[in-house]
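Taking it in order: structure first as C-alpha cells, then the write-up.
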Amino acid sequence: MQFLKRLCNFAVHNSVHIDTHYIMKSEITFDRFIRWAGAILLVIAVLFLVNYLAGVLLPFALAWLFAYLLYPTVCFVQHRLRVRVRALAILVTLIGVVVLFGGILYFIIPPMIEQFEKLGEILVRWIHQRTHTDNISLAISSWLEAHQQEVEKFFRSDDFSNALKAAMPRVFSLVGHTASIIMSIVASMITLLYMVFILLDYEVLTANWIRIFPKQNRPFWHELMNDVERELNNYIRGQSLVALCMGIMFCIGFTLMDFPMAIGLGILIGIMDLVPYLHTFALIPTAFLAMLKAADTGQSFWLVFGLAFGLFCLVQLITETIVIPKIMGKAMGLNPAILLLSLSVWGALLGFIGLIIALPLTTLIIAYWQRYVTKEKNIIT
C-alpha cells in the first residue's frame with residue numbers, strides 16, 4: 001500500500017509538471033507567432049507605402065546611388081587634390097563628370113551627324129536617279145501638279161477622315177509624352193539637388209542611418225548592410241571591367257570590318273553594358289548603320305548586317321564564357337558555374353530584370369545564409 005501511494009503521488013506530480021511545461025511551451029509558441037505575424041504585416045505595410053510613394057522616393061533613391069558612386073571621387077578631390085571645402089570638391093567632381101561624358105559624346109555625336117549627312121546624300125542621289133533632277137522641291141511640285149486630282153480625292157475621302165480621327169489621340173499622346181519629358185527634367189534637377197545634399201553630409205548620413213532601428217536589432221542590420229556594401233562594390237567594379245572589355249572588343253571588331261562609326265558605336269555598347277544585357281538594344285543603330293553602308297558601297301544589306309550580328313554573337317560568347325566567369329567570379333567570390341546558374345534561374349523567374357540583379361542578389365543571399373543560418377563568415381565557393 002505504501003508503495004502504491006508513493007507511485008500515485010509521483011504520477012500526479014509529474015502530470016502537473018508536464019501540463020505546466022506544455023502550457024508554457026504553448027504560450028511561448030503563440031507569442032512567437034504573434035511577433036512573426038506582426039513583422040510580416042509590417043513588411044507588407046512598408047511595401048505598400050513604398051509602392052504608393054514610388055514617384056517621390058525614386059529621385060531620392062537615384063540620388064543616393066549617384067552619391068554612392070561619386071563619393072570616392074569627391075574624397076579624392078578633397079583630400080588628394082587638397083580642395084578642403086566639401087562643396088567645392090563636389091563642384092569639381094561634377095565638372096569632371098560632365099567633361100568625361102562630353103568627351104564620350106564627342107566620339108558618338110559627330111560620327112552620327114556624319115552618318116545622317118551621308119543618309120541625306122543617299123536620298124538625294126536616289127531621288128535624282130528616279131526623277132532625273134537635283135531640285136527636290138521642284139520634283140515634289142511637279143509630282144503634285146501631275147497628281148492633283150488624286151491628291152484632292154484622297155483628302156476628301158473617308159480614308160483620310162478615318163486616318164485623321166485615328167491620329168488625333170496619338171497627337172494628344174505625344175503632348176502627354178512631352179509633358180512627361182518636362183516632368184522628368186524637373187525630377188532630374190530634384191535628383192541632382194538630393195545628390196549634392198547627400199554628398200555634403202555623406203559620412204553623417206551613412207553613420208547614423210542605423211538609428212532608425214531599435215538597439216537590439218542594430219547589430220543584425222549593421223552586419224547585413226556591410227555585406228550589401230561589400231558585394232555592391234565588388235559588383236560595380238566587376239561589371240565595369242566587363243563593360244570595358246566588351247567595348248574594346250566591339251571597337252576592334254567594327255574597325256576591322258570598316259563599319260561606320262566603329263569607335264563611337266563600340267563606346268556606346270560598352271556604356272550600355274554597364275547594365276547587363278542592355279547592349280542588345282544597340283542592334284537597332286547597328287542595323288541603321290549597316291543600311292547606310294550597304295547603300296553607300298552597293299553591298300548587300302544582309303551581308304553587312306549579318307557580319308555585324310555575327311560580331312555581336314562572337315563578343316557575347318566570349319563575354320559569357322570567359323570574361324564574366326573570370327572577372328565577376330573573382331570580384332564577387334563565386335564559382336563560374338554558380339554565376340551561370342544564377343543568371344539562368346533569375347532570368348527565368350524575373351526576365352530581363354532578373355538578369356540585371358542576378359549576380360548581386362545571389363551573392364547577397366549566399367552571404368546572408370552563411371552568416372546567419374550556417375554561422376560561417378566567409379563564402380565558400
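Residues are named by chain letter and number: chains run A, B, ... in the order of the C-alpha cells, numbers start at 1 in each chain, and ligands are numbered from 1 in the order shown.
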What lies within 12 Å of segment 214-229 of chain A using only C-alpha atoms, ignoring chain neighbours under 5 positions off, as a list in words?
-> Leu65, Tyr68, Leu69, Thr206, Ala207, Asn208, Trp209, Asn234, Tyr235, Ile236, Met332, Pro360, Leu361, Thr362, Thr363, Leu364, Ile365, Ile366, Ala367, Tyr368, Trp369, Gln370, Arg371, Tyr372, Lys377, Asn378 and Ile379 of chain A
Write the residues you've just listed into a file as a CSV table (one decimal), in the first residue's frame, and include N, CA and C atoms for each of them.
chain,number,residue,atom,x,y,z
A,65,LEU,N,22.2,56.6,-55.0
A,65,LEU,CA,23.0,55.7,-55.8
A,65,LEU,C,24.1,56.6,-56.4
A,68,TYR,N,26.6,57.6,-53.9
A,68,TYR,CA,27.4,56.5,-53.5
A,68,TYR,C,28.6,56.2,-54.5
A,69,LEU,N,28.2,56.4,-55.8
A,69,LEU,CA,29.2,56.2,-56.9
A,69,LEU,C,30.2,57.4,-56.9
A,206,THR,N,25.6,58.1,-43.5
A,206,THR,CA,25.9,56.7,-43.5
A,206,THR,C,26.2,56.1,-42.1
A,207,ALA,N,26.6,57.0,-41.2
A,207,ALA,CA,26.9,56.6,-39.8
A,207,ALA,C,25.7,56.5,-38.9
A,208,ASN,N,24.7,57.3,-39.2
A,208,ASN,CA,23.6,57.4,-38.3
A,208,ASN,C,22.3,56.8,-38.9
A,209,TRP,N,22.3,56.3,-40.1
A,209,TRP,CA,21.0,55.7,-40.6
A,209,TRP,C,20.5,54.5,-39.7
A,234,ASN,N,31.9,45.2,-55.1
A,234,ASN,CA,32.5,44.1,-56.0
A,234,ASN,C,31.8,44.0,-57.3
A,235,TYR,N,30.4,44.1,-57.2
A,235,TYR,CA,29.6,44.0,-58.4
A,235,TYR,C,29.9,45.2,-59.4
A,236,ILE,N,29.9,46.4,-58.9
A,236,ILE,CA,30.1,47.6,-59.7
A,236,ILE,C,31.5,47.5,-60.3
A,332,MET,N,33.4,38.8,-57.2
A,332,MET,CA,32.3,38.5,-56.3
A,332,MET,C,32.5,37.2,-55.5
A,360,PRO,N,24.4,40.2,-58.0
A,360,PRO,CA,24.4,40.8,-56.7
A,360,PRO,C,23.5,40.1,-55.7
A,361,LEU,N,22.3,39.8,-56.2
A,361,LEU,CA,21.3,39.2,-55.3
A,361,LEU,C,21.7,37.8,-54.9
A,362,THR,N,22.3,37.0,-55.8
A,362,THR,CA,22.8,35.7,-55.5
A,362,THR,C,23.9,35.7,-54.4
A,363,THR,N,24.8,36.6,-54.6
A,363,THR,CA,25.9,36.8,-53.6
A,363,THR,C,25.4,37.2,-52.3
A,364,LEU,N,24.4,38.1,-52.3
A,364,LEU,CA,23.8,38.6,-51.0
A,364,LEU,C,23.1,37.5,-50.3
A,365,ILE,N,22.4,36.6,-51.0
A,365,ILE,CA,21.6,35.5,-50.4
A,365,ILE,C,22.6,34.5,-49.8
A,366,ILE,N,23.7,34.2,-50.5
A,366,ILE,CA,24.7,33.3,-50.0
A,366,ILE,C,25.4,33.9,-48.8
A,367,ALA,N,25.7,35.2,-48.8
A,367,ALA,CA,26.3,35.8,-47.7
A,367,ALA,C,25.4,35.8,-46.5
A,368,TYR,N,24.1,36.1,-46.7
A,368,TYR,CA,23.1,36.1,-45.6
A,368,TYR,C,23.0,34.6,-45.0
A,369,TRP,N,22.9,33.7,-45.9
A,369,TRP,CA,22.7,32.3,-45.5
A,369,TRP,C,23.9,31.8,-44.6
A,370,GLN,N,25.1,32.1,-45.1
A,370,GLN,CA,26.3,31.6,-44.4
A,370,GLN,C,26.6,32.4,-43.1
A,371,ARG,N,26.1,33.6,-43.0
A,371,ARG,CA,26.4,34.4,-41.9
A,371,ARG,C,25.3,34.1,-40.8
A,372,TYR,N,24.1,34.0,-41.1
A,372,TYR,CA,23.0,33.9,-40.1
A,372,TYR,C,22.4,32.5,-40.0
A,377,LYS,N,31.4,32.9,-41.7
A,377,LYS,CA,31.7,34.3,-42.1
A,377,LYS,C,32.1,34.4,-43.5
A,378,ASN,N,32.9,33.4,-44.0
A,378,ASN,CA,33.4,33.5,-45.4
A,378,ASN,C,32.5,32.7,-46.3
A,379,ILE,N,32.4,33.2,-47.5
A,379,ILE,CA,31.7,32.5,-48.6
A,379,ILE,C,32.6,31.4,-49.1
Can you list, as a list in words, every protein, DNA or RNA residue that comes within 10 Å of Val77 of chain A when you count only C-alpha atoms, leaving out same-chain residues fewer than 2 positions away?
->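 My reading of the contact set: Tyr71, Pro72, Thr73, Val74, Cys75, His79, Arg80, Leu81, Arg82, Val83, Arg84, Val85, Arg86, Leu88, Ala89, Ile90, Leu91, Val92 and Thr93 of chain A.
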Determine the nearest neighbour of Met195 of chain A from the options A:Phe101, A:Pro59, A:Ser344, A:Arg125, counting only C-alpha atoms.
->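 Checking each of A:Phe101, A:Pro59, A:Ser344, A:Arg125 against Met195 of chain A, counting only C-alpha atoms, the winner is A:Pro59.
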Per-residue DSSP, segment 241-306 of chain A, filtered to helix (DSSP H, G or I), as a ChimeraX atom specification = /A:241-256,262-272,278-297,301-306
Extract, using only C-alpha atoms, all DNA, RNA and protein residues at most 10 Å from segment 276-286 of chain A, discarding same-chain residues fewer than 6 positions from it, and format them as a ChimeraX atom specification.
-> /A:112,239,242-243,246-247,259-262,265-266,268-270,292,304-305,308-309,312,316,352-353,355-358
Just the selected residues (N, CA and C atoms), exported as a CSV table (one decimal), in the first residue's frame, please.
chain,number,residue,atom,x,y,z
A,112,MET,N,27.8,60.3,-85.7
A,112,MET,CA,26.4,60.1,-86.0
A,112,MET,C,25.9,61.2,-86.9
A,239,GLN,N,31.4,44.6,-63.0
A,239,GLN,CA,30.6,44.9,-64.2
A,239,GLN,C,31.2,46.0,-65.0
A,242,VAL,N,33.8,44.3,-67.1
A,242,VAL,CA,33.2,43.5,-68.2
A,242,VAL,C,32.8,44.5,-69.3
A,243,ALA,N,32.1,45.6,-68.9
A,243,ALA,CA,31.7,46.6,-69.9
A,243,ALA,C,32.9,47.1,-70.7
A,246,MET,N,34.1,44.5,-73.1
A,246,MET,CA,33.1,44.4,-74.3
A,246,MET,C,33.3,45.6,-75.2
A,247,GLY,N,33.4,46.8,-74.7
A,247,GLY,CA,33.5,48.0,-75.5
A,247,GLY,C,34.8,47.9,-76.4
A,259,PHE,N,33.3,49.2,-90.4
A,259,PHE,CA,31.9,49.6,-90.1
A,259,PHE,C,31.8,51.0,-89.8
A,260,PRO,N,30.7,51.7,-90.3
A,260,PRO,CA,30.5,53.1,-90.0
A,260,PRO,C,30.5,53.4,-88.5
A,261,MET,N,31.1,54.5,-88.0
A,261,MET,CA,31.1,54.9,-86.6
A,261,MET,C,31.6,53.8,-85.7
A,262,ALA,N,32.7,53.2,-86.1
A,262,ALA,CA,33.2,52.0,-85.4
A,262,ALA,C,33.5,52.3,-83.9
A,265,LEU,N,30.4,53.6,-81.9
A,265,LEU,CA,29.4,52.5,-81.6
A,265,LEU,C,30.0,51.5,-80.6
A,266,GLY,N,31.3,51.3,-80.6
A,266,GLY,CA,31.8,50.4,-79.6
A,266,GLY,C,31.8,51.0,-78.2
A,268,LEU,N,29.6,53.2,-77.2
A,268,LEU,CA,28.2,53.2,-76.8
A,268,LEU,C,27.7,51.9,-76.3
A,269,ILE,N,28.2,50.8,-76.9
A,269,ILE,CA,27.8,49.5,-76.5
A,269,ILE,C,28.5,49.2,-75.1
A,270,GLY,N,29.7,49.6,-74.9
A,270,GLY,CA,30.4,49.4,-73.6
A,270,GLY,C,29.6,50.1,-72.5
A,292,LEU,N,23.1,52.1,-94.1
A,292,LEU,CA,23.8,53.2,-94.7
A,292,LEU,C,25.1,52.7,-95.5
A,304,VAL,N,26.2,42.9,-94.8
A,304,VAL,CA,26.8,43.8,-93.9
A,304,VAL,C,26.2,43.6,-92.5
A,305,PHE,N,24.9,43.6,-92.4
A,305,PHE,CA,24.3,43.4,-91.1
A,305,PHE,C,24.5,42.0,-90.5
A,308,ALA,N,27.9,42.2,-88.9
A,308,ALA,CA,27.8,42.9,-87.6
A,308,ALA,C,27.1,42.0,-86.5
A,309,PHE,N,26.0,41.3,-86.9
A,309,PHE,CA,25.3,40.5,-86.0
A,309,PHE,C,26.2,39.3,-85.6
A,312,PHE,N,28.3,40.6,-82.9
A,312,PHE,CA,27.6,40.6,-81.6
A,312,PHE,C,27.6,39.2,-80.9
A,316,GLN,N,29.5,38.3,-77.5
A,316,GLN,CA,28.7,37.8,-76.4
A,316,GLN,C,29.1,36.4,-75.9
A,352,PHE,N,14.1,40.1,-67.8
A,352,PHE,CA,15.3,40.9,-68.0
A,352,PHE,C,15.8,41.5,-66.7
A,353,ILE,N,14.8,41.9,-65.9
A,353,ILE,CA,15.2,42.5,-64.6
A,353,ILE,C,16.0,41.4,-63.8
A,355,LEU,N,18.0,39.2,-64.9
A,355,LEU,CA,19.4,39.1,-65.4
A,355,LEU,C,20.2,40.3,-64.9
A,356,ILE,N,19.6,41.4,-64.6
A,356,ILE,CA,20.3,42.6,-64.1
A,356,ILE,C,20.7,42.3,-62.6
A,357,ILE,N,19.8,41.8,-61.8
A,357,ILE,CA,20.0,41.7,-60.4
A,357,ILE,C,20.5,40.3,-60.0
A,358,ALA,N,20.8,39.4,-61.0
A,358,ALA,CA,21.1,38.0,-60.6
A,358,ALA,C,22.3,37.9,-59.8
Do you have the atom CA of Phe66 of chain A-atom CA of Pro325 of chain A distance handy?
-> 27.1 Å
Have a look at atom CA of Glu121 of chain A and atom CA of Asp296 of chain A and let me know their distance in Å, one decimal.
->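 Distance reported for this atom pair: 9.3 Å.
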